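Inspection log for the structure reproduced underneath, given as structure tokens.
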Amino acid sequence: MSGQTAGRRNGSLRPEATAGRNRYADLLRVCAISLVVAGHWLLTDITYQGGQLSGLDALEYISWGRWVTLFFQVMPVFFLVGGYVNARSWTAHQEQGESWTDWVRERAMRLLWPTTVYVAAAVLAVIAAGMAGAGAAELAQAGWLVAVQLWFLPVYLLLIAATPVMLAAHRRWGLAVPAVMAAAAAAVDAGVVGANLPLIGFANYLLVWGSMHQWGFAWQDGTLTRARWRPYALAAGSAAVLAGLLARGPFPVDMIGPAERIGNTTPPSIALLAFAAAQTGLVLAAEPAVSRLLVRPGRWRLVTRLNSCVMTVYLWHMVPAIIVAVALYPTGVMPQPAIGSAQWWETRPAWLGALALILVPLVLAVMRAERPMLRLPVGLGPAGRWSGSILLLGIAAAMAGLARLAIAGFAPDGVLPAIALAAYGCGVIAALLSGRPPGR
């Protein structure tokens with residue numbers, strides 16, 4: 001697969017998909033998705049009792065496992081790399097005179113096309129399972145399990161739309177921008193925890209994840225790496241802040257999933273931001289050494305191939321869990337030892353291996369089916385002064401639909417969420433019809 005095709009599959013635009021790619025950034029994306037998949041698979045425990053399939057979160061039964069989430073929480077790396085790539089892409093297209101509308105539309109549609117395929121497949125699966133006699137509770141559980149990863153997309157679509165403005169702010173004020181965002185995130189947490197105002201916590205989806213995206217801008221222009229001591233200082237200082245927040249603050253140590261009272265991810269907290277800053281410092285400190293390893297053509301080709309399927313793997317990686325659950329648990333082929341027991345740990349390699357054996361051909365098949373999408377237009381109809389407004393409305397509707405799907409799943413109460421699906425579908429159509437880019 002050519003670098004251009006690989007770039008377009010992952011939402012990259014043509015100028016950055018050819019020469020001059022940051023090999024380390026691509027490797028980070030591959031490693032991060034690998035850890036996300038491994039973490040989700042490891043922490044998901046399927047049960048079959050009374051003729052009904054269900055699922056459990058292993059972290060609820062393995063107390064020390066919460067410390068392991070410090071290793072498996074790698075979504076900050078996605079946003080760091082996303083900020084780096086978006087800064088390069090927007091800068092290149094801005095130099096060519098391309099408008100904000102055309103750039104945002106193309107970036108958004110490169111994510112929305114494969115997501116639409118996934119959503120359509122999930123809808124068809126729910127319909128088929130319902131016709132086959134699946135119970136409402138089972139449909140709801142399975143529908144949520146294969147939808148929870150969609151939370152990432154609304155946040156990232158928002159950051160894509162905001163990139164031109166936020167990058168301009170970075171060029172003017174530098175690291176003061178994420179510093180102010182971090183202070184605002186801390187204030188939001190104070191309101192959530194101290195004043196019992198949970199609704200304002202949603203602002204941290206933009207403030208916390210947006211801060212990480214801003215760090216990508218600072219990585220791209222050298223602000224964070226120009227002096228070799230800066231990544232180390234960022235890691236050390238942030239680790240100290242994180243230790244203080246975990247030791248004296250109300251935040252739990254687990255960096256994945258909800259908590260009983262106060263969590264770090266739903267919504268994201270200042271503790272997660274401190275963790276992400278420490279992680280970013282370590283990642284950037286390792287760049288020179290790891291980049292030297294990627295000079296060899298064979299290693300770079302491997303990273304390129306793996307990078308080309310990152311989006312597909314992320315969207316589809318929980319589907320094998322449903323397939324294995326339906327095929328092996330009711331038949332008794334897969335045992336159900338107590339979570340955290342010695343026998344449970346002994347079955348984990350078999351569980352992970354079975355899922356991997358299904359995921360690889362599944363991803364290859366989906367990527368083959370998605371190939372025609374690479375030739376699909378990223379805009380239709382005449383462009384006008386209204387194009388930007390229609391595009392923003394479309395992205396907002398798609399974000400709302402995806403957020404609802406991530407929260408409630410594809411089959412809450414055993415039925416399809418018509419409003420969420422309609423919002424998403426109308427959003428994609430509006431974004432597509434916001435105008436054809438010049439010369440396309």
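By order of appearance in the structure tokens: chains A, B, ..., then residues from 1 within every chain, and ligands from 1 in the order shown.
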All residues 6 Å or closer to Gly401 in chain A, only C-alpha atoms, same chain fewer than 6 positions away omitted, as a ChimeraX atom specification
/A:420,423-424
Would you export the selected residues with N, CA, C and O atoms as a PDB file, in the first residue's frame, please?
ATOM      1  N   ALA A 420     -30.334   8.793  17.920  1.00  0.00           N
ATOM      2  CA  ALA A 420     -28.880   8.883  17.805  1.00  0.00           C
ATOM      3  C   ALA A 420     -28.425   8.526  16.394  1.00  0.00           C
ATOM      4  O   ALA A 420     -27.565   9.205  15.812  1.00  0.00           O
ATOM      5  N   ALA A 423     -29.395  11.343  14.007  1.00  0.00           N
ATOM      6  CA  ALA A 423     -28.507  12.497  14.163  1.00  0.00           C
ATOM      7  C   ALA A 423     -27.177  12.255  13.480  1.00  0.00           C
ATOM      8  O   ALA A 423     -26.655  13.132  12.774  1.00  0.00           O
ATOM      9  N   TYR A 424     -26.638  11.057  13.675  1.00  0.00           N
ATOM     10  CA  TYR A 424     -25.364  10.749  13.032  1.00  0.00           C
ATOM     11  C   TYR A 424     -25.497  10.748  11.510  1.00  0.00           C
ATOM     12  O   TYR A 424     -24.685  11.361  10.807  1.00  0.00           O
TER      13      TYR A 424
END
- Can you pull out every residue within 10 Å of Ala286 in chain A, counting only C-alpha atoms, but drop anything in the same chain fewer than 5 positions away, and send it as an MDAnalysis selection string? chainID A and resid 24 231:232 280:281 291
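By only C-alpha atoms, and with residues fewer than 5 positions from Gln220 in chain A along its chain excluded, the set lying at most 9 Å from it is A:Gly83, A:Tyr84, A:Val85, A:Ala87, A:Arg88, A:Trp215, A:Thr225.
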| request: Write down as JSON, numbers by chain the residues of range 43-289 of chain A whose backbone DSSP state falls under helix (DSSP H, G or I). | output: {"A": [43, 58, 59, 60, 65, 66, 67, 68, 69, 70, 71, 72, 75, 76, 77, 78, 79, 80, 81, 82, 83, 84, 85, 86, 87, 88, 89, 90, 91, 92, 93, 94, 95, 100, 101, 102, 103, 104, 105, 106, 107, 108, 109, 110, 111, 112, 113, 114, 115, 116, 117, 118, 119, 120, 121, 122, 123, 124, 125, 126, 127, 128, 129, 130, 131, 136, 137, 138, 139, 140, 141, 142, 143, 144, 145, 148, 149, 150, 151, 152, 153, 154, 155, 156, 157, 158, 159, 160, 161, 162, 163, 164, 165, 166, 167, 168, 169, 170, 171, 172, 173, 176, 177, 178, 179, 180, 181, 182, 183, 184, 185, 186, 187, 188, 189, 190, 191, 192, 193, 198, 199, 200, 201, 202, 203, 204, 205, 206, 207, 208, 209, 210, 211, 212, 213, 214, 215, 216, 217, 218, 219, 220, 229, 230, 231, 232, 233, 234, 235, 236, 237, 238, 239, 240, 241, 242, 243, 244, 245, 246, 247, 248, 270, 271, 272, 273, 274, 275, 276, 277, 278, 279, 280, 281, 282, 283, 284, 285, 287, 288, 289]}
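Closest approach to Val319 in chain A among A:Trp41, A:Trp90, A:Trp209, A:Phe152 is made by A:Trp41 (distances from only C-alpha atoms).
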Practice prompt. Considering only C-alpha atoms, state which residue in the set A:Gly135, A:Gly414, A:Gly332, A:Pro268 is at the smallest distance from Ala182 in chain A.
Written response: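 Among the listed residues, the smallest separation from Ala182 in chain A belongs to A:Pro268.
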Students should find that CA of Ala92 in chain A and CA of Gly174 in chain A are spaced 19.6 Å
Counting only C-alpha atoms, the residue among A:Trp144, A:Ala161, A:Ala218, A:Ala132 that lies closest to Val177 in chain A is A:Ala218
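In this comparison, which uses only C-alpha atoms, the residue of A:Gly379, A:Gly409, A:Gly435, A:Pro154 approaching Ala122 in chain A most closely is A:Gly409.
Computed from the coordinates, the CA of Ile160 in chain A to CA of Pro417 in chain A distance equals 26.4 Å.
CA of Ala285 in chain A is found 9.7 Å from CA of Leu234 in chain A.
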Near Ala403 in chain A, within 8 Å and counting only C-alpha atoms, which residues show up once chain neighbours fewer than 2 positions away are dropped, as a tab-separated table (two decimals) with C-alpha atoms, in the first residue's frame?
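Final file, out.tsv:
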chain	number	residue	atom	x	y	z
A	150	LEU	CA	-16.82	5.62	19.72
A	151	TRP	CA	-16.37	8.22	22.51
A	154	PRO	CA	-16.79	13.28	18.88
A	399	MET	CA	-20.78	14.25	17.21
A	400	ALA	CA	-24.06	14.18	19.11
A	401	GLY	CA	-25.08	10.90	17.52
A	405	LEU	CA	-24.06	5.72	20.85
A	406	ALA	CA	-20.93	5.59	23.00
A	407	ILE	CA	-22.99	6.13	26.15
*asked:* Taking 2 positions as the minimum chain separation for residues in the same chain, which residues sit within 10 Å of range 31-37 of chain A when counting only C-alpha atoms? Answer as a PyMOL selection string.
replied: chain A and resi 25-29+39-42+71-78+149+303+306-307+310-311+313-314+316-318+352+356
Practice item. Go through A:Ala397, A:Ile339, A:Leu273, A:Leu145 one by one, measure the shortest atom-to-atom distance of each to Thr47 in chain A using only C-alpha atoms, and give the residue with the smallest value. Key: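 For Thr47 in chain A, the nearest of the candidates is A:Ile339.
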Counting only C-alpha atoms, the residue among A:Ala321, A:Ala185, A:Ala289, A:Ile429 that lies closest to Val208 in chain A is A:Ala185
**Q.** Contact residues around range 112-114 of chain A with only C-alpha atoms at 9 Å, ignoring same-chain residues under 4 positions, as a PyMOL selection string
**A.** chain A and resi 9+107-108+118-119+153+311-312+315+370+373+376+398+428
Could the residues in this selection be saved with N, CA, C and O atoms as a CSV table (one decimal), in the first residue's frame?
chain,number,residue,atom,x,y,z
A,9,ARG,N,-6.2,6.7,4.5
A,9,ARG,CA,-7.0,5.8,5.3
A,9,ARG,C,-7.1,6.3,6.7
A,9,ARG,O,-8.1,6.1,7.4
A,107,ARG,N,-10.7,16.3,6.5
A,107,ARG,CA,-10.2,15.6,7.6
A,107,ARG,C,-11.3,14.9,8.3
A,107,ARG,O,-11.2,13.7,8.7
A,108,ALA,N,-12.5,15.5,8.4
A,108,ALA,CA,-13.6,14.9,9.1
A,108,ALA,C,-14.1,13.7,8.3
A,108,ALA,O,-14.4,12.6,8.9
A,118,TYR,N,-18.9,1.1,9.9
A,118,TYR,CA,-19.0,0.4,11.2
A,118,TYR,C,-20.3,0.5,11.8
A,118,TYR,O,-20.9,-0.5,12.3
A,119,VAL,N,-20.9,1.7,11.8
A,119,VAL,CA,-22.2,1.9,12.4
A,119,VAL,C,-23.2,1.2,11.6
A,119,VAL,O,-24.1,0.5,12.2
A,153,LEU,N,-14.3,9.7,18.9
A,153,LEU,CA,-14.5,10.4,17.7
A,153,LEU,C,-15.2,11.8,17.9
A,153,LEU,O,-14.8,12.7,17.2
A,311,MET,N,-7.1,2.8,12.2
A,311,MET,CA,-8.5,3.2,12.4
A,311,MET,C,-9.5,2.0,12.3
A,311,MET,O,-10.4,1.9,13.1
A,312,THR,N,-9.2,1.1,11.4
A,312,THR,CA,-10.0,-0.1,11.3
A,312,THR,C,-9.9,-1.0,12.6
A,312,THR,O,-10.9,-1.5,13.1
A,315,LEU,N,-11.9,0.7,15.5
A,315,LEU,CA,-13.3,0.6,15.4
A,315,LEU,C,-13.8,-0.9,15.7
A,315,LEU,O,-14.9,-1.1,16.3
A,370,GLU,N,-13.4,-1.5,2.3
A,370,GLU,CA,-13.4,-0.1,2.4
A,370,GLU,C,-12.6,0.6,1.3
A,370,GLU,O,-12.6,1.8,1.1
A,373,MET,N,-14.0,3.3,-0.8
A,373,MET,CA,-14.2,4.6,0.0
A,373,MET,C,-13.0,5.6,-0.3
A,373,MET,O,-13.2,6.8,-0.1
A,376,LEU,N,-14.1,7.9,-2.8
A,376,LEU,CA,-15.3,8.7,-2.6
A,376,LEU,C,-15.0,10.2,-2.4
A,376,LEU,O,-14.0,10.5,-1.9
A,398,ALA,N,-23.3,14.8,13.9
A,398,ALA,CA,-22.5,13.6,13.9
A,398,ALA,C,-21.9,13.3,15.3
A,398,ALA,O,-22.0,12.2,15.8
A,428,VAL,N,-23.6,13.3,8.8
A,428,VAL,CA,-22.6,12.9,7.8
A,428,VAL,C,-23.1,13.4,6.4
A,428,VAL,O,-22.3,13.9,5.6
